[in-house]
Each structure stands twice: as structure tokens, then as C-alpha cells.
>>> print(open('structure.txt').read())   # compact mmCIF, N, CA and C atoms
# COMPACT_ATOMS: atom_id res chain seq x y z
N PRO A 1 -4.71 -66.72 -33.90
CA PRO A 1 -4.44 -65.75 -32.85
C PRO A 1 -3.86 -64.43 -33.38
N ALA A 2 -3.31 -64.44 -34.61
CA ALA A 2 -2.73 -63.21 -35.16
C ALA A 2 -3.15 -63.05 -36.61
N ARG A 3 -3.42 -61.79 -37.00
CA ARG A 3 -3.68 -61.47 -38.40
C ARG A 3 -2.39 -60.90 -38.98
N LEU A 4 -1.98 -61.43 -40.12
CA LEU A 4 -0.73 -60.97 -40.74
C LEU A 4 -1.03 -60.20 -42.02
N ARG A 5 -0.25 -59.17 -42.25
CA ARG A 5 -0.35 -58.40 -43.49
C ARG A 5 1.07 -58.16 -44.00
N LEU A 6 1.33 -58.58 -45.22
CA LEU A 6 2.64 -58.43 -45.85
C LEU A 6 2.52 -57.43 -46.98
N SER A 7 3.45 -56.49 -47.05
CA SER A 7 3.45 -55.54 -48.15
C SER A 7 4.88 -55.35 -48.64
N ALA A 8 5.01 -55.07 -49.93
CA ALA A 8 6.32 -54.87 -50.54
C ALA A 8 6.21 -53.74 -51.55
N GLY A 9 7.30 -53.07 -51.78
CA GLY A 9 7.30 -51.99 -52.75
C GLY A 9 8.66 -51.81 -53.38
N VAL A 10 8.66 -51.32 -54.60
CA VAL A 10 9.88 -51.01 -55.34
C VAL A 10 9.65 -49.69 -56.04
N GLY A 11 10.67 -48.85 -56.10
CA GLY A 11 10.49 -47.57 -56.77
C GLY A 11 11.81 -46.94 -57.15
N THR A 12 11.71 -45.80 -57.81
CA THR A 12 12.90 -45.05 -58.21
C THR A 12 12.71 -43.59 -57.86
N ARG A 13 13.82 -42.92 -57.67
CA ARG A 13 13.84 -41.46 -57.51
C ARG A 13 14.88 -40.94 -58.49
N ASP A 14 14.53 -39.88 -59.19
CA ASP A 14 15.45 -39.32 -60.18
C ASP A 14 15.59 -37.82 -59.93
N TYR A 15 16.82 -37.39 -59.69
CA TYR A 15 17.13 -35.97 -59.51
C TYR A 15 18.01 -35.56 -60.69
N PRO A 16 17.46 -34.88 -61.71
CA PRO A 16 18.23 -34.56 -62.91
C PRO A 16 19.49 -33.75 -62.63
N PHE A 17 19.43 -32.87 -61.62
CA PHE A 17 20.63 -32.12 -61.23
C PHE A 17 20.88 -32.37 -59.75
N TYR A 18 22.11 -32.73 -59.44
CA TYR A 18 22.47 -32.91 -58.03
C TYR A 18 23.83 -32.27 -57.81
N ALA A 19 23.96 -31.44 -56.80
CA ALA A 19 25.21 -30.74 -56.51
C ALA A 19 25.89 -31.34 -55.30
N LEU A 20 27.20 -31.57 -55.44
CA LEU A 20 28.05 -31.98 -54.32
C LEU A 20 28.92 -30.77 -53.97
N GLY A 21 28.50 -30.02 -52.99
CA GLY A 21 29.20 -28.77 -52.68
C GLY A 21 28.98 -27.77 -53.81
N LEU A 22 30.06 -27.28 -54.38
CA LEU A 22 29.95 -26.31 -55.47
C LEU A 22 29.90 -26.98 -56.84
N LEU A 23 30.14 -28.29 -56.89
CA LEU A 23 30.17 -29.00 -58.16
C LEU A 23 28.87 -29.76 -58.40
N GLY A 24 28.41 -29.74 -59.63
CA GLY A 24 27.22 -30.50 -60.00
C GLY A 24 27.61 -31.86 -60.55
N VAL A 25 26.82 -32.87 -60.26
CA VAL A 25 27.05 -34.20 -60.81
C VAL A 25 26.43 -34.23 -62.20
N THR A 26 27.21 -34.59 -63.21
CA THR A 26 26.75 -34.49 -64.60
C THR A 26 25.55 -35.39 -64.90
N ASP A 27 25.49 -36.57 -64.31
CA ASP A 27 24.38 -37.49 -64.56
C ASP A 27 23.24 -37.32 -63.56
N GLY A 28 23.36 -36.37 -62.66
CA GLY A 28 22.35 -36.23 -61.62
C GLY A 28 22.45 -37.36 -60.61
N ARG A 29 21.37 -37.57 -59.89
CA ARG A 29 21.33 -38.64 -58.88
C ARG A 29 20.14 -39.53 -59.17
N GLU A 30 20.39 -40.84 -59.15
CA GLU A 30 19.34 -41.82 -59.40
C GLU A 30 19.35 -42.86 -58.28
N ASP A 31 18.21 -43.04 -57.65
CA ASP A 31 18.07 -44.02 -56.57
C ASP A 31 17.06 -45.08 -56.97
N ILE A 32 17.30 -46.29 -56.55
CA ILE A 32 16.34 -47.39 -56.65
C ILE A 32 16.15 -47.91 -55.23
N TYR A 33 14.90 -48.11 -54.82
CA TYR A 33 14.67 -48.59 -53.46
C TYR A 33 13.66 -49.73 -53.46
N ALA A 34 13.78 -50.57 -52.45
CA ALA A 34 12.86 -51.69 -52.26
C ALA A 34 12.56 -51.79 -50.77
N SER A 35 11.30 -52.13 -50.45
CA SER A 35 10.93 -52.25 -49.04
C SER A 35 9.97 -53.43 -48.84
N VAL A 36 10.03 -53.97 -47.64
CA VAL A 36 9.16 -55.08 -47.25
C VAL A 36 8.68 -54.78 -45.83
N SER A 37 7.39 -55.04 -45.58
CA SER A 37 6.82 -54.79 -44.26
C SER A 37 5.91 -55.96 -43.87
N LEU A 38 6.01 -56.37 -42.63
CA LEU A 38 5.15 -57.42 -42.09
C LEU A 38 4.49 -56.88 -40.83
N GLU A 39 3.15 -56.86 -40.84
CA GLU A 39 2.40 -56.38 -39.68
C GLU A 39 1.61 -57.52 -39.08
N ALA A 40 1.71 -57.69 -37.79
CA ALA A 40 0.94 -58.70 -37.06
C ALA A 40 0.00 -57.99 -36.09
N SER A 41 -1.29 -58.30 -36.19
CA SER A 41 -2.30 -57.75 -35.29
C SER A 41 -2.82 -58.87 -34.41
N PHE A 42 -3.15 -58.57 -33.17
CA PHE A 42 -3.56 -59.59 -32.21
C PHE A 42 -4.96 -59.28 -31.68
N PRO A 43 -6.01 -59.68 -32.41
CA PRO A 43 -7.39 -59.34 -32.00
C PRO A 43 -7.81 -59.98 -30.69
N ASP A 44 -7.27 -61.12 -30.33
CA ASP A 44 -7.64 -61.77 -29.06
C ASP A 44 -7.15 -60.99 -27.84
N LEU A 45 -6.17 -60.11 -28.05
CA LEU A 45 -5.63 -59.32 -26.94
C LEU A 45 -6.23 -57.91 -26.89
N ALA A 46 -7.22 -57.65 -27.71
CA ALA A 46 -7.84 -56.31 -27.77
C ALA A 46 -8.55 -55.98 -26.47
N ARG A 47 -8.42 -54.72 -26.07
CA ARG A 47 -9.09 -54.21 -24.88
C ARG A 47 -9.63 -52.83 -25.19
N PHE A 48 -10.88 -52.58 -24.80
CA PHE A 48 -11.52 -51.28 -24.96
C PHE A 48 -11.48 -50.79 -26.42
N GLY A 49 -11.54 -51.71 -27.38
CA GLY A 49 -11.57 -51.35 -28.79
C GLY A 49 -10.22 -51.13 -29.43
N TYR A 50 -9.14 -51.42 -28.71
CA TYR A 50 -7.80 -51.24 -29.26
C TYR A 50 -7.05 -52.57 -29.27
N MET A 51 -6.41 -52.85 -30.39
CA MET A 51 -5.72 -54.12 -30.58
C MET A 51 -4.22 -53.86 -30.74
N PRO A 52 -3.36 -54.63 -30.05
CA PRO A 52 -1.92 -54.45 -30.21
C PRO A 52 -1.45 -54.90 -31.60
N THR A 53 -0.47 -54.17 -32.14
CA THR A 53 0.11 -54.51 -33.44
C THR A 53 1.63 -54.44 -33.34
N LEU A 54 2.28 -55.29 -34.11
CA LEU A 54 3.74 -55.31 -34.21
C LEU A 54 4.07 -55.27 -35.69
N THR A 55 4.91 -54.32 -36.09
CA THR A 55 5.29 -54.16 -37.48
C THR A 55 6.81 -54.25 -37.62
N LEU A 56 7.26 -55.08 -38.56
CA LEU A 56 8.68 -55.21 -38.89
C LEU A 56 8.86 -54.70 -40.31
N THR A 57 9.86 -53.83 -40.51
CA THR A 57 10.10 -53.26 -41.83
C THR A 57 11.56 -53.35 -42.20
N ALA A 58 11.82 -53.46 -43.50
CA ALA A 58 13.18 -53.44 -44.04
C ALA A 58 13.14 -52.66 -45.35
N GLU A 59 14.13 -51.80 -45.54
CA GLU A 59 14.22 -51.02 -46.77
C GLU A 59 15.68 -50.90 -47.17
N GLU A 60 15.93 -50.98 -48.47
CA GLU A 60 17.29 -50.80 -48.99
C GLU A 60 17.23 -49.85 -50.17
N THR A 61 18.22 -48.95 -50.24
CA THR A 61 18.31 -47.99 -51.34
C THR A 61 19.68 -48.13 -52.00
N TRP A 62 19.65 -48.20 -53.32
CA TRP A 62 20.88 -48.22 -54.12
C TRP A 62 20.92 -46.94 -54.92
N SER A 63 22.05 -46.24 -54.90
CA SER A 63 22.16 -44.95 -55.57
C SER A 63 23.45 -44.91 -56.40
N ASN A 64 23.45 -44.06 -57.44
CA ASN A 64 24.68 -43.89 -58.20
C ASN A 64 25.69 -43.02 -57.44
N ILE A 65 25.29 -42.44 -56.32
CA ILE A 65 26.19 -41.70 -55.42
C ILE A 65 26.23 -42.50 -54.12
N SER A 66 27.36 -43.10 -53.84
CA SER A 66 27.46 -44.12 -52.78
C SER A 66 27.03 -43.63 -51.39
N ARG A 67 27.12 -42.35 -51.10
CA ARG A 67 26.73 -41.89 -49.76
C ARG A 67 25.24 -42.07 -49.49
N PHE A 68 24.44 -42.31 -50.54
CA PHE A 68 23.01 -42.49 -50.38
C PHE A 68 22.58 -43.96 -50.41
N ASP A 69 23.54 -44.89 -50.47
CA ASP A 69 23.21 -46.31 -50.33
C ASP A 69 22.87 -46.56 -48.87
N THR A 70 21.67 -47.09 -48.60
CA THR A 70 21.25 -47.29 -47.21
C THR A 70 20.55 -48.63 -47.03
N ARG A 71 20.57 -49.10 -45.82
CA ARG A 71 19.79 -50.26 -45.37
C ARG A 71 19.15 -49.88 -44.05
N THR A 72 17.85 -50.11 -43.96
CA THR A 72 17.12 -49.74 -42.76
C THR A 72 16.29 -50.92 -42.29
N LEU A 73 16.37 -51.23 -41.01
CA LEU A 73 15.54 -52.24 -40.38
C LEU A 73 14.80 -51.56 -39.23
N GLY A 74 13.53 -51.93 -39.05
CA GLY A 74 12.78 -51.30 -37.97
C GLY A 74 11.72 -52.22 -37.39
N ALA A 75 11.37 -51.93 -36.17
CA ALA A 75 10.30 -52.64 -35.47
C ALA A 75 9.46 -51.60 -34.74
N THR A 76 8.14 -51.74 -34.87
CA THR A 76 7.23 -50.79 -34.22
C THR A 76 6.14 -51.56 -33.49
N PHE A 77 5.89 -51.16 -32.25
CA PHE A 77 4.80 -51.74 -31.48
C PHE A 77 3.81 -50.62 -31.21
N GLY A 78 2.53 -50.93 -31.40
CA GLY A 78 1.51 -49.91 -31.17
C GLY A 78 0.15 -50.52 -31.00
N PHE A 79 -0.87 -49.68 -31.05
CA PHE A 79 -2.25 -50.12 -30.91
C PHE A 79 -3.07 -49.60 -32.08
N SER A 80 -3.98 -50.44 -32.55
CA SER A 80 -4.84 -50.09 -33.68
C SER A 80 -6.29 -50.09 -33.21
N SER A 81 -7.04 -49.10 -33.67
CA SER A 81 -8.45 -49.01 -33.29
C SER A 81 -9.27 -50.05 -34.05
N GLN A 82 -10.22 -50.67 -33.38
CA GLN A 82 -11.10 -51.64 -34.01
C GLN A 82 -12.48 -51.07 -34.30
N PHE A 83 -12.65 -49.79 -34.14
CA PHE A 83 -13.96 -49.16 -34.34
C PHE A 83 -14.25 -49.02 -35.81
>>> encode(input="structure.txt", output="C-alpha cells")
Amino acid sequence: PARLRLSAGVGTRDYPFYALGLLGVTDGREDIYASVSLEASFPDLARFGYMPTLTLTAEETWSNISRFDTRTLGATFGFSSQF
């Protein structure tokens, strides 16, 4: 009754120079992030060529500057074209 798609990713961001106000951070800013996404599509509920989808996502970022450490959770409901 549902098609599932799982995706995951890992990456880095490197900012050689990063300024906090008037002061520059000597080592710059370095972030590492990871994300996971699960999408469920429901083809049996499709109407007029559009199928409902539900997507759950999670992402976490670790940074050498603590204000950029984040955790994000999300849920999205929408419709996908079957054409």
C-alpha cells in the first residue's frame, strides 16, 4: 500500500575565515552534518494523477563554534505527480 524511499547524507562545510563581530576566529569555522529522510508514497490513494506523500526528515550539525550546533526534525505532507 505504500512505497518507501530512504536517503541519508553526510557532509562538511569549511569556512577558512569566520568573524564573530569585529574579531576573526583563528581556525575559521568547520561544520559536519548528517541527515536522514524517509518518504512514503501512497499510490492506491492517487486521484487525478496525483499521489499523496509523507516525508520525515532529521538533520544534525556539529560545529567548532557552538552556536551553530543544530538538530532539526521535520514532517512534510504533499502530493506528487504520477505523469
>>> closest_residue(input="structure.txt", among="A:Trp62, A:Gly11, A:Leu54, A:Asp44", to="A:Glu30", atoms="all atoms listed in the file")
A:Trp62
>>> atom_distance(input="structure.txt", atom1="atom N of A:Thr57", atom2="atom CA of A:Gln82")
22.1 Å
>>> closest_residue(input="structure.txt", among="A:Phe42, A:Tyr33, A:Phe77, A:Tyr18", to="A:Ser63", atoms="only C-alpha atoms")
A:Tyr33
>>> closest_residue(input="structure.txt", among="A:Pro1, A:Ser35, A:Val25, A:Phe17", to="A:Thr61", atoms="only N, CA and C atoms")
A:Ser35
>>> select_by_dssp(input="structure.txt", residues="chain A", states="helix (DSSP H, G or I)", output="list of chain:residue names")
A:Pro43, A:Asp44, A:Leu45, A:Ser66, A:Arg67, A:Phe68
>>> atom_distance(input="structure.txt", atom1="atom CA of A:Ala2", atom2="atom CA of A:Glu60")
27.3 Å
>>> atom_distance(input="structure.txt", atom1="atom CA of A:Phe79", atom2="atom CA of A:Thr53")
5.6 Å
>>> closest_residue(input="structure.txt", among="A:Leu22, A:Phe68, A:Ala75, A:Ser41", to="A:Leu56", atoms="all atoms listed in the file")
A:Ala75
>>> residues_around(input="structure.txt", residues="A:Gly28", least_positions_apart="5", cutoff="8 Å", atoms="only N, CA and C atoms", output="mmCIF file with N, CA and C atoms, in the coordinates of the input")
data_model
loop_
_atom_site.group_PDB
_atom_site.id
_atom_site.type_symbol
_atom_site.label_atom_id
_atom_site.label_comp_id
_atom_site.auth_asym_id
_atom_site.auth_seq_id
_atom_site.Cartn_x
_atom_site.Cartn_y
_atom_site.Cartn_z
ATOM 1 N N ASP A 14 14.530 -39.880 -59.190
ATOM 2 C CA ASP A 14 15.450 -39.320 -60.180
ATOM 3 C C ASP A 14 15.590 -37.820 -59.930
ATOM 4 N N TYR A 15 16.820 -37.390 -59.690
ATOM 5 C CA TYR A 15 17.130 -35.970 -59.510
ATOM 6 C C TYR A 15 18.010 -35.560 -60.690
ATOM 7 N N PRO A 16 17.460 -34.880 -61.710
ATOM 8 C CA PRO A 16 18.230 -34.560 -62.910
ATOM 9 C C PRO A 16 19.490 -33.750 -62.630
ATOM 10 N N PHE A 17 19.430 -32.870 -61.620
ATOM 11 C CA PHE A 17 20.630 -32.120 -61.230
ATOM 12 C C PHE A 17 20.880 -32.370 -59.750
ATOM 13 N N TYR A 18 22.110 -32.730 -59.440
ATOM 14 C CA TYR A 18 22.470 -32.910 -58.030
ATOM 15 C C TYR A 18 23.830 -32.270 -57.810
ATOM 16 N N ALA A 19 23.960 -31.440 -56.800
ATOM 17 C CA ALA A 19 25.210 -30.740 -56.510
ATOM 18 C C ALA A 19 25.890 -31.340 -55.300
ATOM 19 N N ASN A 64 23.450 -44.060 -57.440
ATOM 20 C CA ASN A 64 24.680 -43.890 -58.200
ATOM 21 C C ASN A 64 25.690 -43.020 -57.440
ATOM 22 N N ILE A 65 25.290 -42.440 -56.320
ATOM 23 C CA ILE A 65 26.190 -41.700 -55.420
ATOM 24 C C ILE A 65 26.230 -42.500 -54.120
#
>>> closest_residue(input="structure.txt", among="A:Thr26, A:Thr12, A:Ser80, A:Thr72", to="A:Gly49", atoms="only C-alpha atoms")
A:Ser80
>>> closest_residue(input="structure.txt", among="A:Gly9, A:Leu4, A:Leu23, A:Ser81", to="A:Ala46", atoms="only C-alpha atoms")
A:Ser81
>>> axis_aligned_box(input="structure.txt", around="stretch 64-67 of chain A", padding_each_side="3 Å", output="JSON")
{"center_x": 25.5, "center_y": -42.9, "center_z": -53.8, "size_x": 10.0, "size_y": 8.4, "size_z": 14.7}
>>> select_by_dssp(input="structure.txt", residues="chain A", states="strand (DSSP E or B)", output="PyMOL selection string")
chain A and resi 3-15+18-20+23-25+29-41+47+50-63+70-81
>>> residues_around(input="structure.txt", residues="A:Val36", least_positions_apart="2", cutoff="5 Å", atoms="only N, CA and C atoms", output="PyMOL selection string")
chain A and resi 7-8+34+38+57-58
